[in-house]
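This is run31.cif (mmCIF, C-alpha atoms).
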```cif
data_protein
#
loop_
_atom_site.label_atom_id
_atom_site.label_comp_id
_atom_site.auth_asym_id
_atom_site.auth_seq_id
_atom_site.Cartn_x
_atom_site.Cartn_y
_atom_site.Cartn_z
CA MET A 1 -1.89 1.72 -22.71
CA ILE A 2 -2.56 2.59 -19.06
CA SER A 3 -5.74 3.06 -17.01
CA VAL A 4 -5.32 5.37 -14.02
CA VAL A 5 -7.61 4.63 -11.06
CA ILE A 6 -8.30 7.24 -8.38
CA PRO A 7 -10.64 6.38 -5.45
CA LEU A 8 -12.23 9.55 -4.12
CA TYR A 9 -13.87 10.18 -0.77
CA ASN A 10 -14.11 13.70 0.64
CA LYS A 11 -10.86 15.08 -0.79
CA ALA A 12 -12.25 18.32 -2.23
CA PRO A 13 -9.28 20.49 -1.15
CA PHE A 14 -6.78 18.19 -2.90
CA VAL A 15 -8.35 16.27 -5.79
CA ALA A 16 -8.04 19.04 -8.41
CA LYS A 17 -4.24 18.97 -8.09
CA THR A 18 -4.31 15.18 -8.26
CA ILE A 19 -6.38 15.08 -11.45
CA LYS A 20 -4.38 17.85 -13.11
CA SER A 21 -1.14 15.94 -12.44
CA VAL A 22 -2.59 13.04 -14.46
CA LEU A 23 -4.05 15.09 -17.31
CA ASP A 24 -0.69 16.91 -17.67
CA GLN A 25 1.28 13.68 -18.20
CA THR A 26 3.78 13.63 -21.08
CA PHE A 27 2.65 10.08 -21.88
CA PRO A 28 -0.59 10.51 -23.85
CA ASN A 29 -2.04 7.01 -24.01
CA PHE A 30 -4.07 6.73 -20.83
CA GLU A 31 -7.56 6.94 -19.45
CA LEU A 32 -8.38 8.36 -16.03
CA ILE A 33 -11.08 6.71 -13.93
CA VAL A 34 -12.19 8.52 -10.77
CA VAL A 35 -14.44 6.45 -8.53
CA ASN A 36 -16.44 8.82 -6.32
CA ASP A 37 -17.02 6.68 -3.24
CA GLY A 38 -20.07 8.52 -1.89
CA SER A 39 -18.31 11.81 -1.13
CA THR A 40 -20.35 14.19 1.04
CA ASP A 41 -18.15 17.28 0.64
CA SER A 42 -17.71 19.36 -2.52
CA SER A 43 -15.58 16.75 -4.31
CA GLU A 44 -18.25 16.20 -6.98
CA THR A 45 -18.30 19.94 -7.72
CA VAL A 46 -14.55 19.89 -8.19
CA LEU A 47 -14.84 16.99 -10.63
CA GLU A 48 -17.39 18.90 -12.71
CA GLN A 49 -14.79 21.58 -13.42
CA PHE A 50 -12.82 19.18 -15.63
CA ARG A 51 -13.82 18.73 -19.26
CA ASP A 52 -11.51 16.11 -20.72
CA SER A 53 -12.44 13.09 -22.81
CA ARG A 54 -9.81 10.99 -20.99
CA LEU A 55 -11.60 11.47 -17.66
CA LYS A 56 -14.39 9.11 -16.61
CA VAL A 57 -16.21 9.50 -13.28
CA ILE A 58 -18.00 6.56 -11.67
CA SER A 59 -20.19 7.33 -8.65
CA ILE A 60 -20.99 4.62 -6.11
CA GLN A 61 -22.49 4.51 -2.64
CA ARG A 62 -19.96 4.76 0.17
CA SER A 63 -18.28 1.35 0.13
CA GLY A 64 -14.67 1.87 1.20
CA VAL A 65 -11.42 2.35 -0.67
CA SER A 66 -10.91 -1.31 -1.57
CA LEU A 67 -14.21 -1.66 -3.38
CA ALA A 68 -13.72 1.77 -4.99
CA ARG A 69 -10.34 0.73 -6.41
CA ASN A 70 -11.74 -2.63 -7.52
CA THR A 71 -14.58 -0.81 -9.27
CA GLY A 72 -12.04 1.26 -11.17
CA ILE A 73 -10.01 -1.81 -12.12
CA LYS A 74 -13.10 -3.57 -13.47
CA ALA A 75 -14.04 -0.51 -15.54
CA ALA A 76 -10.53 -0.15 -16.99
CA ARG A 77 -10.12 -0.62 -20.75
CA HIS A 78 -6.33 -1.01 -20.76
CA ASP A 79 -3.93 -3.77 -19.72
CA TRP A 80 -2.01 -1.73 -17.16
CA ILE A 81 -3.44 -0.13 -14.03
CA ALA A 82 -1.84 2.86 -12.31
CA PHE A 83 -3.06 3.79 -8.85
CA LEU A 84 -3.17 7.29 -7.43
CA ASP A 85 -4.88 8.44 -4.24
CA ALA A 86 -7.07 11.53 -4.41
CA ASP A 87 -4.79 13.72 -2.31
CA ASP A 88 -1.49 12.69 -3.97
CA TRP A 89 0.09 13.67 -7.28
CA TRP A 90 2.68 12.78 -9.92
CA GLU A 91 5.49 14.44 -11.78
CA LYS A 92 4.56 15.01 -15.45
CA THR A 93 6.84 12.16 -16.57
CA PHE A 94 5.57 9.47 -14.19
CA LEU A 95 3.65 7.44 -16.79
CA GLU A 96 6.29 8.00 -19.46
CA GLU A 97 9.08 6.69 -17.21
CA ILE A 98 7.04 3.65 -16.17
CA TRP A 99 6.02 2.87 -19.75
CA LYS A 100 9.67 2.88 -20.85
CA CYS A 101 10.42 0.32 -18.15
CA ILE A 102 7.49 -1.86 -19.20
CA GLN A 103 9.09 -2.10 -22.64
CA ILE A 104 12.51 -2.91 -21.18
CA TYR A 105 11.13 -5.51 -18.70
CA PRO A 106 8.35 -7.23 -20.73
CA ASN A 107 8.09 -10.25 -18.44
CA TYR A 108 7.46 -8.27 -15.25
CA LYS A 109 4.06 -7.32 -13.85
CA LEU A 110 4.89 -4.94 -10.97
CA PHE A 111 6.35 -1.47 -11.49
CA ALA A 112 6.91 1.35 -9.02
CA SER A 113 8.68 4.69 -8.85
CA GLY A 114 10.50 6.68 -6.24
CA ARG A 115 8.26 8.78 -4.05
CA SER A 116 8.26 11.48 -1.40
CA HIS A 117 6.17 11.85 1.73
CA VAL A 118 4.95 15.42 1.83
CA PHE A 119 4.23 16.84 5.26
CA VAL A 120 2.95 20.32 6.11
CA ASN A 121 6.43 21.81 6.45
CA SER A 122 8.76 19.18 5.02
CA GLU A 123 9.25 16.52 2.37
CA ILE A 124 11.04 13.17 2.82
CA ARG A 125 12.23 11.07 -0.13
CA TYR A 126 11.73 7.32 0.14
CA ASP A 127 15.15 5.67 0.26
CA ASN A 128 16.92 2.52 1.40
CA LYS A 129 20.09 0.56 0.61
CA ILE A 130 18.30 -2.09 -1.44
CA LEU A 131 16.94 0.30 -4.07
CA PRO A 132 18.76 0.93 -7.37
CA GLU A 133 21.10 3.93 -7.39
CA ASP A 134 19.39 7.30 -7.53
CA GLY A 135 18.16 7.84 -11.10
CA ASP A 136 18.57 4.17 -12.08
CA VAL A 137 16.11 1.35 -12.72
CA GLY A 138 16.39 -2.20 -11.40
CA THR A 139 14.50 -5.13 -9.93
CA ILE A 140 14.09 -5.54 -6.18
CA ASN A 141 12.67 -8.25 -3.97
CA PHE A 142 9.65 -6.97 -2.06
CA PHE A 143 10.18 -9.32 0.91
CA GLN A 144 13.83 -8.34 1.28
CA VAL A 145 12.83 -4.68 1.40
CA ILE A 146 10.05 -5.04 3.98
CA SER A 147 12.29 -7.10 6.26
CA LYS A 148 14.14 -3.83 6.99
CA TYR A 149 12.31 -0.90 5.43
CA LEU A 150 8.95 0.48 4.38
CA PRO A 151 7.39 -1.24 1.32
CA PRO A 152 8.65 -0.04 -2.08
CA ILE A 153 5.08 0.03 -3.43
CA ASN A 154 2.27 2.30 -2.33
CA SER A 155 -1.14 3.26 -3.72
CA SER A 156 0.24 6.26 -5.61
CA ASN A 157 3.52 5.05 -7.14
CA SER A 158 2.57 1.70 -8.69
CA VAL A 159 1.59 0.42 -12.14
CA ILE A 160 0.46 -3.22 -12.30
CA HIS A 161 -0.71 -5.53 -15.07
CA LYS A 162 -4.49 -5.88 -14.89
CA GLU A 163 -4.63 -9.65 -15.37
CA TYR A 164 -2.02 -10.09 -12.65
CA LEU A 165 -4.23 -8.03 -10.33
CA TYR A 166 -7.17 -10.29 -11.10
CA GLY A 167 -5.04 -13.38 -10.54
CA SER A 168 -4.02 -12.10 -7.10
CA GLY A 169 -7.58 -11.37 -6.01
CA LEU A 170 -7.70 -7.54 -6.21
CA PHE A 171 -8.06 -5.46 -3.02
CA ASN A 172 -9.56 -7.19 0.02
CA VAL A 173 -12.89 -5.46 0.68
CA ARG A 174 -12.95 -6.87 4.23
CA GLN A 175 -10.04 -4.65 5.20
CA HIS A 176 -10.26 -0.96 5.99
CA MET A 177 -6.60 -0.47 6.96
CA HIS A 178 -3.50 -1.93 5.32
CA GLU A 179 -5.69 -3.15 2.46
CA ASP A 180 -3.00 -1.94 0.07
CA HIS A 181 -0.17 -3.75 1.92
CA ASP A 182 -2.28 -6.89 1.86
CA LEU A 183 -2.43 -6.74 -1.95
CA TRP A 184 1.24 -5.81 -2.45
CA ILE A 185 2.27 -8.87 -0.42
CA ARG A 186 0.05 -11.17 -2.47
CA LEU A 187 1.26 -9.65 -5.73
CA SER A 188 4.91 -10.09 -4.76
CA VAL A 189 4.79 -13.87 -4.44
CA GLY A 190 7.05 -15.05 -7.27
CA GLN A 191 7.33 -11.57 -8.78
CA GLU A 192 10.00 -8.93 -8.26
CA VAL A 193 9.30 -5.21 -8.47
CA VAL A 194 10.82 -3.11 -11.25
CA PHE A 195 11.72 0.08 -9.41
CA VAL A 196 12.41 3.43 -11.10
CA ASN A 197 14.43 5.31 -8.50
CA LYS A 198 13.36 8.77 -9.57
CA ASN A 199 11.26 11.12 -7.48
CA LEU A 200 8.06 10.88 -9.55
CA SER A 201 5.26 10.44 -6.99
CA TYR A 202 4.19 12.55 -4.02
CA TYR A 203 2.28 11.12 -1.09
CA ARG A 204 0.52 13.61 1.15
CA LYS A 205 0.99 12.70 4.79
CA THR A 206 -1.24 14.37 7.38
CA GLN A 207 -2.28 13.61 10.94
CA THR A 208 -5.79 12.76 9.77
CA THR A 209 -4.76 10.45 6.92
CA SER A 210 -1.87 8.65 8.58
CA ALA A 211 -2.70 5.01 9.33
CA SER A 212 0.07 4.96 11.96
CA LYS A 213 -2.04 7.32 14.10
CA MET A 214 -5.14 5.10 13.98
CA ASN A 215 -6.17 2.03 15.94
CA TYR A 216 -5.95 -1.19 13.97
CA ALA A 217 -9.33 -2.93 14.22
CA ALA A 218 -9.11 -6.57 15.21
CA GLU A 219 -11.01 -7.74 12.12
CA ASP A 220 -8.55 -5.93 9.85
CA PHE A 221 -5.58 -7.27 11.80
CA CYS A 222 -6.84 -10.87 11.65
CA SER A 223 -7.59 -10.58 7.93
CA PHE A 224 -4.07 -9.30 7.25
CA ILE A 225 -2.47 -12.07 9.32
CA GLU A 226 -4.62 -14.56 7.42
CA THR A 227 -3.02 -13.33 4.20
CA LEU A 228 0.43 -13.75 5.73
CA ILE A 229 -0.42 -17.30 6.76
CA THR A 230 -1.72 -18.07 3.27
CA ILE A 231 1.45 -17.01 1.47
CA LYS A 232 4.14 -18.10 3.93
CA ASP A 233 4.63 -21.48 2.23
CA LYS A 234 4.44 -20.07 -1.30
CA ILE A 235 7.59 -17.97 -1.25
CA SER A 236 11.12 -19.12 -1.97
CA ALA A 237 13.53 -20.45 0.65
CA THR A 238 15.63 -17.28 0.36
CA GLU A 239 12.58 -15.11 0.96
CA GLN A 240 11.47 -17.11 4.00
CA LEU A 241 14.00 -15.43 6.28
CA TYR A 242 12.99 -11.96 5.09
CA PHE A 243 9.34 -12.87 5.50
CA ARG A 244 9.75 -14.18 9.06
CA THR A 245 11.66 -11.06 10.06
CA TYR A 246 8.90 -8.85 8.73
CA CYS A 247 6.06 -10.90 10.22
CA ASN A 248 7.63 -11.15 13.67
CA ARG A 249 8.28 -7.42 13.90
CA PHE A 250 5.02 -6.22 12.36
CA VAL A 251 2.62 -8.63 14.06
CA LEU A 252 4.17 -8.29 17.53
CA LEU A 253 4.43 -4.50 17.49
CA THR A 254 0.98 -4.07 15.97
CA TYR A 255 -0.48 -6.31 18.66
CA ILE A 256 1.34 -4.41 21.41
CA LYS A 257 0.08 -1.10 20.02
CA ASN A 258 -3.56 -2.17 19.83
CA TYR A 259 -4.29 -4.95 22.31
CA SER A 260 -5.36 -2.57 25.09
CA ASN A 261 -8.38 -1.76 22.89
CA TYR A 262 -9.47 -5.40 22.50
CA SER A 263 -12.05 -7.17 24.64
CA LYS A 264 -11.06 -10.51 26.10
CA ALA A 265 -12.93 -12.44 23.40
CA VAL A 266 -11.49 -10.33 20.59
CA ASP A 267 -8.01 -10.59 22.09
CA GLU A 268 -8.26 -14.39 21.99
CA LYS A 269 -9.31 -14.30 18.35
CA VAL A 270 -6.33 -12.10 17.42
CA ALA A 271 -4.03 -14.33 19.47
CA ASN A 272 -5.14 -17.45 17.60
CA PHE A 273 -4.08 -15.85 14.31
CA ALA A 274 -0.88 -14.27 15.67
CA ARG A 275 0.44 -17.54 17.10
CA GLN A 276 0.24 -19.10 13.63
CA ILE A 277 2.71 -16.61 12.17
CA LEU A 278 5.01 -15.57 15.05
CA THR A 279 8.20 -17.57 15.68
CA GLY A 280 11.07 -17.77 18.15
CA LYS A 281 11.55 -15.05 20.75
CA HIS A 282 8.75 -12.97 19.28
CA LYS A 283 6.25 -15.72 19.96
CA LEU A 284 7.64 -16.09 23.49
CA ILE A 285 7.28 -12.34 24.12
CA PHE A 286 3.76 -12.48 22.75
CA ASN A 287 2.77 -15.33 25.09
CA ILE A 288 4.22 -13.48 28.08
CA LEU A 289 2.33 -10.31 27.17
CA LYS A 290 -0.88 -12.29 27.02
CA MET A 291 -0.48 -13.15 30.72
CA LEU A 292 0.23 -9.59 31.89
CA PRO A 293 -2.62 -7.47 33.31
CA TYR A 294 -1.00 -4.22 32.10
CA LYS A 295 -1.87 -3.60 28.45
CA LYS A 296 -0.16 -0.35 27.50
CA THR A 297 3.39 -1.47 26.73
CA TYR A 298 3.73 -0.10 23.18
CA PRO A 299 5.78 3.03 24.09
CA LEU A 300 8.36 0.84 25.83
CA PHE A 301 8.69 -1.60 22.94
CA LYS A 302 8.84 1.18 20.38
CA SER A 303 11.69 2.82 22.28
CA LEU A 304 13.57 -0.47 22.31
CA GLN A 305 13.10 -0.86 18.54
CA THR A 306 12.07 -4.52 18.77
CA LYS A 307 13.49 -6.59 15.90
#
```
Could you render the structure from this file as C-alpha cells?
Amino acid sequence: MISVVIPLYNKAPFVAKTIKSVLDQTFPNFELIVVNDGSTDSSETVLEQFRDSRLKVISIQRSGVSLARNTGIKAARHDWIAFLDADDWWEKTFLEEIWKCIQIYPNYKLFASGRSHVFVNSEIRYDNKILPEDGDVGTINFFQVISKYLPPINSSNSVIHKEYLYGSGLFNVRQHMHEDHDLWIRLSVGQEVVFVNKNLSYYRKTQTTSASKMNYAAEDFCSFIETLITIKDKISATEQLYFRTYCNRFVLLTYIKNYSNYSKAVDEKVANFARQILTGKHKLIFNILKMLPYKKTYPLFKSLQTK
C-alpha cells in the first residue's frame, strides 16, 4: 500500500490536474494526503471540488514545504510514501509500475521513475548514460549519477519506505531551498536507487518556481554543506570519488553564484563550512576568490564549465 503526499501552497491554477493524476491511477491501493500549507489563493476552493474517500486534506499554518511534507509522512497509514508536488503530475501507471518494482526488489527502499521537465513551450526528458536502457528497470548509485548529472530522484518521481524516511531524519525544516536534495543524499548512504526508466512523472518548470533562478540563502547553504560533511565518511570507498567530484563542483559554483549577496560576517560563516568539504584545486580557487574584491565572477565560471 502507498500513501501519496502532496504539499500545497498557492498552486490553485495547477493542483486540480495534480490531484486528478493521482485519483486516476491504475493502482488502486493508495491514500492521498494533501497538506495545505497556509495557502492564501483559491487552492482550498479547488480542493473542495473533489469528493473522494481516498483524499485527505490537512490544513496547517504556513510552515514551509519541509514541514508540510513531514506532516504528510506522519499522517500516512501505509508503509510506502510517494511524493508529488502540487503543480506536477503522473502518468496513470506511475504507482502500478513502482509497485511492481517493489515486489521485484524487496530489499530496496528507494524507488524512482523517469521524468520530464515541462516548460511553457517544450518538454525535456531526464536522461543520462548511467540510467537503465529506456523502458528498463535497474539499480543505480545516486552518488555516481550526481557526480556528472542531475539527481535521479526528485520530489515528484520518488516512492520511499516510510521507516527508512524516519531513519534518515525526514526533510530538514531549517532549509528552504534544496531541502529535497538534502534528504536524497542522506537516504542514498548505503542504498541504491531502483530506477524505472519510463516517462511516468512530469515536473513543471517555470521562471517563478525554478530554484536555479533564486539566491541561495547562506543559512540554507551552510545547512546543506553540514549534511555533506556529516555523510562524507559514511559512504563507500568507491563512492568517495563521486562524492568529492559533486561536492567540489556544487559548493564552489554555488558560492561563486551567491557570495556577492553575503555580508562579510556571513561570508566568513559560509567559508568555514565550505573549506571543510572542498578539496584540491577547488579549495585553492575558493581561497583565491575570498581575497578578491570583485564578487561577481559566476558568469565567467559558468562559461568555463568548472569541474
- Message: Within 12 Å of (14.6, -14.4, 19.0) (file coordinates; only C-alpha atoms), which protein or nucleic acid residues are there? I'd like them as a VMD selection string.
- Response: chain A and resid 244 to 245 248 to 249 278 to 286 306 to 307
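Taking all atoms listed in the file into account, A:Ile153 lies nearest to A:Phe83 out of the set A:Phe221, A:Phe27, A:Phe83, A:Phe171.
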- Task: Specify as a ChimeraX atom specification each residue included when the PyMOL selection byres ((chain A and resi 146) around 12) is applied to this file.
- Result: /A:128-131,140-145,147-153,181,184-185,188,239,241-250
- What separates atom CA of A:Ser158 and atom CA of A:Phe111 is a distance of 5.7 Å
- Message: Assuming the chain letters and numbering stay as they are in my file, what does the PyMOL selection byres ((chain A and resi 183) around 12) actually select? List them as a ChimeraX atom specification.
- Response: /A:66,69-70,110,151,153-155,158,160,164-173,175,177-182,184-189,223-224,227-228,231
